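Novice: File entry.cif below, mmCIF, C-alpha atoms:
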data_input
loop_
_atom_site.group_PDB
_atom_site.id
_atom_site.type_symbol
_atom_site.label_atom_id
_atom_site.label_comp_id
_atom_site.auth_asym_id
_atom_site.auth_seq_id
_atom_site.Cartn_x
_atom_site.Cartn_y
_atom_site.Cartn_z
ATOM 1 C CA MET M 1 60.264 95.241 126.989
ATOM 2 C CA ARG M 2 62.033 95.336 123.604
ATOM 3 C CA ARG M 3 65.405 94.874 125.267
ATOM 4 C CA GLY M 4 64.161 91.694 127.025
ATOM 5 C CA VAL M 5 62.832 90.211 123.764
ATOM 6 C CA PHE M 6 66.137 90.970 122.023
ATOM 7 C CA ALA M 7 68.088 89.344 124.873
ATOM 8 C CA LEU M 8 65.904 86.213 124.602
ATOM 9 C CA PHE M 9 66.507 86.173 120.847
ATOM 10 C CA LEU M 10 70.300 86.354 121.379
ATOM 11 C CA LEU M 11 70.130 83.637 124.026
ATOM 12 C CA CYS M 12 68.369 81.361 121.555
ATOM 13 C CA LEU M 13 71.022 81.992 118.886
ATOM 14 C CA LEU M 14 74.013 81.470 121.171
ATOM 15 C CA PRO M 15 73.915 77.636 121.285
ATOM 16 C CA SER M 16 73.598 77.506 117.481
ATOM 17 C CA ALA M 17 76.559 79.816 117.070
ATOM 18 C CA LEU M 18 78.609 77.619 119.380
ATOM 19 C CA GLN M 19 77.498 74.472 117.570
ATOM 20 C CA ALA M 20 78.602 75.981 114.254
ATOM 21 C CA GLN M 21 82.184 75.868 115.527
ATOM 22 C CA ASP M 22 81.988 72.076 115.829
ATOM 23 C CA TYR M 23 82.259 71.161 112.172
ATOM 24 C CA ILE M 24 84.740 68.502 111.174
ATOM 25 C CA ASN M 25 88.061 69.971 110.077
ATOM 26 C CA GLN M 26 88.055 69.958 106.269
ATOM 27 C CA THR M 27 91.843 69.616 106.103
ATOM 28 C CA ALA M 28 91.646 66.484 108.253
ATOM 29 C CA LEU M 29 89.124 65.045 105.782
ATOM 30 C CA GLU M 30 91.704 65.263 103.016
ATOM 31 C CA ASP M 31 93.668 62.361 104.533
ATOM 32 C CA ILE M 32 90.527 60.251 104.785
ATOM 33 C CA LEU M 33 89.310 60.942 101.263
ATOM 34 C CA GLU M 34 92.639 60.686 99.403
ATOM 35 C CA HIS M 35 92.800 56.859 99.433
ATOM 36 C CA GLN M 36 90.947 55.535 96.388
ATOM 37 C CA TYR M 37 91.097 52.167 94.677
ATOM 38 C CA GLU M 38 90.902 52.023 90.890
ATOM 39 C CA ASP M 39 88.775 48.884 91.000
ATOM 40 C CA LEU M 40 85.647 49.027 93.148
ATOM 41 C CA ASP M 41 85.852 45.253 93.648
ATOM 42 C CA ALA M 42 89.269 45.685 95.297
ATOM 43 C CA ILE M 43 87.770 47.601 98.219
ATOM 44 C CA PRO M 44 87.724 45.287 101.248
ATOM 45 C CA GLU M 45 84.625 44.628 103.329
ATOM 46 C CA VAL M 46 84.309 46.493 106.620
ATOM 47 C CA GLN M 47 82.585 45.220 109.749
ATOM 48 C CA TYR M 48 81.393 47.434 112.599
ATOM 49 C CA HIS M 49 80.901 47.187 116.338
ATOM 50 C CA TYR M 50 79.288 49.457 118.878
ATOM 51 C CA TYR M 51 81.468 51.255 121.378
ATOM 52 C CA ILE M 52 80.020 52.869 124.509
ATOM 53 C CA LEU M 53 82.165 55.671 125.905
ATOM 54 C CA HIS M 54 83.154 54.661 129.424
ATOM 55 C CA HIS M 55 85.710 55.034 132.198
ATOM 56 C CA SER M 56 85.558 53.699 135.740
ATOM 57 C CA SER M 57 86.141 57.200 137.138
ATOM 58 C CA GLY M 58 83.184 58.665 135.229
ATOM 59 C CA ASN M 59 85.524 61.310 133.778
ATOM 60 C CA ASN M 60 84.759 62.257 130.145
ATOM 61 C CA VAL M 61 88.362 63.233 129.339
ATOM 62 C CA LEU M 62 89.741 59.913 130.588
ATOM 63 C CA ALA M 63 86.977 58.086 128.713
ATOM 64 C CA ARG M 64 87.920 59.832 125.459
ATOM 65 C CA ASN M 65 91.603 58.996 126.013
ATOM 66 C CA THR M 66 90.623 55.351 126.558
ATOM 67 C CA LEU M 67 88.739 55.454 123.253
ATOM 68 C CA TYR M 68 91.760 56.964 121.461
ATOM 69 C CA LYS M 69 94.018 54.228 122.856
ATOM 70 C CA GLU M 70 91.573 51.528 121.740
ATOM 71 C CA LEU M 71 91.276 53.033 118.267
ATOM 72 C CA GLY M 72 95.060 53.216 118.010
ATOM 73 C CA ASP M 73 95.747 49.737 119.403
ATOM 74 C CA GLY M 74 97.464 51.336 122.416
ATOM 75 C CA ASP M 75 98.946 54.300 120.498
ATOM 76 C CA LEU M 76 97.196 57.519 121.589
ATOM 77 C CA GLU M 77 98.325 59.571 118.552
ATOM 78 C CA LEU M 78 97.311 56.882 116.061
ATOM 79 C CA GLY M 79 93.961 56.654 117.849
ATOM 80 C CA LYS M 80 93.414 60.410 117.485
ATOM 81 C CA LYS M 81 94.165 60.134 113.768
ATOM 82 C CA ARG M 82 91.737 57.238 113.358
ATOM 83 C CA ALA M 83 89.156 59.123 115.411
ATOM 84 C CA ARG M 84 88.666 61.505 112.478
ATOM 85 C CA LEU M 85 87.085 58.679 110.486
ATOM 86 C CA VAL M 86 84.964 57.633 113.473
ATOM 87 C CA GLU M 87 83.755 61.227 113.845
ATOM 88 C CA LEU M 88 82.861 61.410 110.162
ATOM 89 C CA LEU M 89 81.021 58.076 110.188
ATOM 90 C CA ASN M 90 79.079 58.965 113.342
ATOM 91 C CA ARG M 91 78.608 62.653 112.454
ATOM 92 C CA VAL M 92 79.770 63.709 115.887
ATOM 93 C CA LEU M 93 82.925 65.198 117.358
ATOM 94 C CA ILE M 94 84.482 62.978 119.998
ATOM 95 C CA ARG M 95 85.310 65.991 122.166
ATOM 96 C CA ASN M 96 81.548 66.539 122.571
ATOM 97 C CA LEU M 97 80.785 62.988 123.735
ATOM 98 C CA GLU M 98 79.830 62.100 127.274
ATOM 99 C CA ILE M 99 79.975 58.901 129.291
ATOM 100 C CA GLY M 100 77.386 56.455 127.936
ATOM 101 C CA ASP M 101 77.326 57.812 124.365
ATOM 102 C CA THR M 102 77.535 55.102 121.699
ATOM 103 C CA LEU M 103 79.672 55.106 118.545
ATOM 104 C CA VAL M 104 79.856 52.799 115.559
ATOM 105 C CA ILE M 105 83.488 51.765 115.043
ATOM 106 C CA PRO M 106 84.845 50.099 111.881
ATOM 107 C CA ASN M 107 87.227 47.153 112.168
ATOM 108 C CA ARG M 108 89.512 48.619 109.477
ATOM 109 C CA PHE M 109 90.975 52.071 108.943
ATOM 110 C CA ASP M 110 92.782 53.923 106.137
ATOM 111 C CA LEU M 111 90.675 52.427 103.353
ATOM 112 C CA ASP M 112 88.957 54.003 100.395
ATOM 113 C CA PHE M 113 86.100 55.956 102.005
ATOM 114 C CA ARG M 114 83.604 54.104 99.802
ATOM 115 C CA ALA M 115 84.359 50.978 101.866
ATOM 116 C CA TYR M 116 82.418 52.550 104.746
ATOM 117 C CA SER M 117 79.228 53.144 102.753
ATOM 118 C CA PRO M 118 76.102 51.495 104.184
ATOM 119 C CA PHE M 119 74.763 51.005 100.652
ATOM 120 C CA PRO M 120 75.569 48.148 98.255
ATOM 121 C CA ARG M 121 78.546 48.753 95.958
ATOM 122 C CA TYR M 122 76.525 47.981 92.861
ATOM 123 C CA TYR M 123 72.939 48.813 92.003
ATOM 124 C CA PRO M 124 71.990 47.097 88.739
ATOM 125 C CA GLY M 125 69.035 49.443 88.209
ATOM 126 C CA GLY M 126 71.401 52.403 88.067
ATOM 127 C CA ARG M 127 73.420 51.299 85.040
ATOM 128 C CA ASP M 128 71.430 53.499 82.673
ATOM 129 C CA PHE M 129 72.068 56.679 84.675
ATOM 130 C CA ASP M 130 75.125 58.935 84.598
ATOM 131 C CA LYS M 131 74.491 59.864 88.237
ATOM 132 C CA LEU M 132 72.286 58.324 90.850
ATOM 133 C CA PHE M 133 71.505 59.638 94.323
ATOM 134 C CA ILE M 134 70.197 57.211 96.925
ATOM 135 C CA MET M 135 68.574 58.583 100.065
ATOM 136 C CA ASP M 136 67.480 56.490 103.002
ATOM 137 C CA LYS M 137 64.852 58.529 104.825
ATOM 138 C CA SER M 138 64.669 55.987 107.634
ATOM 139 C CA ILE M 139 67.997 57.224 109.045
ATOM 140 C CA GLN M 140 67.367 60.963 108.709
ATOM 141 C CA PRO M 141 66.453 62.915 111.861
ATOM 142 C CA SER M 142 62.739 63.465 112.250
ATOM 143 C CA GLY M 143 62.411 67.111 113.136
ATOM 144 C CA PRO M 144 64.354 69.920 114.758
ATOM 145 C CA THR M 145 66.371 69.071 117.814
ATOM 146 C CA ASN M 146 68.611 72.096 118.322
ATOM 147 C CA THR M 147 67.997 74.873 120.838
ATOM 148 C CA ALA M 148 67.481 77.572 118.194
ATOM 149 C CA SER M 149 64.553 75.646 116.683
ATOM 150 C CA TRP M 150 63.080 75.169 120.132
ATOM 151 C CA CYS M 151 63.404 78.885 120.893
ATOM 152 C CA ALA M 152 61.865 79.894 117.573
ATOM 153 C CA GLY M 153 58.836 77.778 118.413
ATOM 154 C CA ALA M 154 58.531 79.220 121.931
#
Would you mind writing the file's structure down as structure tokens?

Specialist:
Amino acid sequence: MRRGVFALFLLCLLPSALQAQDYINQTALEDILEHQYEDLDAIPEVQYHYYILHHSSGNNVLARNTLYKELGDGDLELGKKRARLVELLNRVLIRNLEIGDTLVIPNRFDLDFRAYSPFPRYYPGGRDFDKLFIMDKSIQPSGPTNTASWCAGA
């Protein structure tokens, strides 16, 4: 009996352990975060569009390659480089996407990362503070969704 409970416990942990390997490469982030403008007003505006992962064959690998080519304006390697920003903005690794998944894609790449912020550049009420943290609870996940949380509740 104890061996069966332990096996169930390990089974519940396995997906979490595998998911932990899917963090965004910190070295790759260095390229994204190194571009900074001195003047916040010099940062250009960014527009976004939705992209639904697709390919006529229904093959995920071909669909991801199509995405890379679109991100790179036909250049697969440039698209893979730009995909790092898309992954960071969407908080998902492209290699884990499936046909039908939706991404938010910026119209400009290689900008100061602050250009991609969903918040206004200036908040007049924050002038009197050395640091100000703004949290938008409407976009945070509402509860556990991973397998380990489900198993713990079982």

Novice: Atom CA of Tyr122 of chain M and atom CA of Ala83 of chain M are how many Å apart?

Specialist: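 Between atom CA of Tyr122 of chain M and atom CA of Ala83 of chain M the gap works out to 28.1 Å.
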
Novice: Pick out the residues sitting within 7 Å of segment 86-95 of chain M, and hand them over as a PDB file with C-alpha atoms, in the coordinates of the input; count only C-alpha atoms, and ignore anything fewer than 6 positions along from it in its own chain.

Specialist:
ATOM      1  CA  LEU M 103      79.672  55.106 118.545  1.00  0.00           C
ATOM      2  CA  VAL M 104      79.856  52.799 115.559  1.00  0.00           C
ATOM      3  CA  ILE M 105      83.488  51.765 115.043  1.00  0.00           C
TER       4      ILE M 105
END

Novice: Which residues fall under the PyMOL selection byres ((chain M and resi 40-51) around 10) in this file, as a list of chain:residue names?

Specialist: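 That selection, the PyMOL selection byres ((chain M and resi 40-51) around 10), comes back as M:Gln36, M:Tyr37, M:Glu38, M:Asp39, M:Ile52, M:Leu53, M:His54, M:Leu67, M:Gly100, M:Asp101, M:Thr102, M:Leu103, M:Val104, M:Ile105, M:Pro106, M:Asn107, M:Arg108, M:Phe109, M:Leu111, M:Asp112, M:Phe113, M:Arg114, M:Ala115, M:Tyr116, M:Ser117, M:Pro118, M:Arg121, M:Tyr122.
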
Novice: Restricting the output to C-alpha atoms, write the selected residues as a PDB file, in the coordinates of the input.

Specialist:
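part_26.pdb, written as the output of this step:
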ATOM      1  CA  GLN M  36      90.947  55.535  96.388  1.00  0.00           C
ATOM      2  CA  TYR M  37      91.097  52.167  94.677  1.00  0.00           C
ATOM      3  CA  GLU M  38      90.902  52.023  90.890  1.00  0.00           C
ATOM      4  CA  ASP M  39      88.775  48.884  91.000  1.00  0.00           C
ATOM      5  CA  ILE M  52      80.020  52.869 124.509  1.00  0.00           C
ATOM      6  CA  LEU M  53      82.165  55.671 125.905  1.00  0.00           C
ATOM      7  CA  HIS M  54      83.154  54.661 129.424  1.00  0.00           C
ATOM      8  CA  LEU M  67      88.739  55.454 123.253  1.00  0.00           C
ATOM      9  CA  GLY M 100      77.386  56.455 127.936  1.00  0.00           C
ATOM     10  CA  ASP M 101      77.326  57.812 124.365  1.00  0.00           C
ATOM     11  CA  THR M 102      77.535  55.102 121.699  1.00  0.00           C
ATOM     12  CA  LEU M 103      79.672  55.106 118.545  1.00  0.00           C
ATOM     13  CA  VAL M 104      79.856  52.799 115.559  1.00  0.00           C
ATOM     14  CA  ILE M 105      83.488  51.765 115.043  1.00  0.00           C
ATOM     15  CA  PRO M 106      84.845  50.099 111.881  1.00  0.00           C
ATOM     16  CA  ASN M 107      87.227  47.153 112.168  1.00  0.00           C
ATOM     17  CA  ARG M 108      89.512  48.619 109.477  1.00  0.00           C
ATOM     18  CA  PHE M 109      90.975  52.071 108.943  1.00  0.00           C
ATOM     19  CA  LEU M 111      90.675  52.427 103.353  1.00  0.00           C
ATOM     20  CA  ASP M 112      88.957  54.003 100.395  1.00  0.00           C
ATOM     21  CA  PHE M 113      86.100  55.956 102.005  1.00  0.00           C
ATOM     22  CA  ARG M 114      83.604  54.104  99.802  1.00  0.00           C
ATOM     23  CA  ALA M 115      84.359  50.978 101.866  1.00  0.00           C
ATOM     24  CA  TYR M 116      82.418  52.550 104.746  1.00  0.00           C
ATOM     25  CA  SER M 117      79.228  53.144 102.753  1.00  0.00           C
ATOM     26  CA  PRO M 118      76.102  51.495 104.184  1.00  0.00           C
ATOM     27  CA  ARG M 121      78.546  48.753  95.958  1.00  0.00           C
ATOM     28  CA  TYR M 122      76.525  47.981  92.861  1.00  0.00           C
TER      29      TYR M 122
END

Novice: Please report the interatomic distance between atom CA of Gly58 of chain M and atom CA of Glu70 of chain M in Å with one decimal.

Specialist: 17.4 Å

Novice: Quick one, how far is atom CA of Asn25 of chain M from atom CA of Asn96 of chain M?

Specialist: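 Atom CA of Asn96 of chain M lies 14.5 Å from atom CA of Asn25 of chain M.
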
Novice: Quick one: of M:Asp110, M:Arg84, M:Phe119, M:Pro124, who's nearest to Gln26 of chain M, counting only C-alpha atoms?

Specialist: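 Once distances to Gln26 of chain M are computed over only C-alpha atoms, the minimum belongs to M:Arg84.
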
Novice: Ranking M:Leu71, M:Ala28, M:Ile99, M:Leu85 by minimum distance to Ser56 of chain M and counting all atoms listed in the file, which one comes first?

Specialist: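 Nearest to Ser56 of chain M: M:Ile99.
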
Novice: If I wrap all listed atoms of segment 65-72 of chain M in a box with edges along x, y and z and add 3 Å on each side, what are its centre and edge lengths in Å to one decimal, as JSON?

Specialist:
{"center_x": 91.9, "center_y": 55.3, "center_z": 122.3, "size_x": 12.3, "size_y": 13.5, "size_z": 14.5}
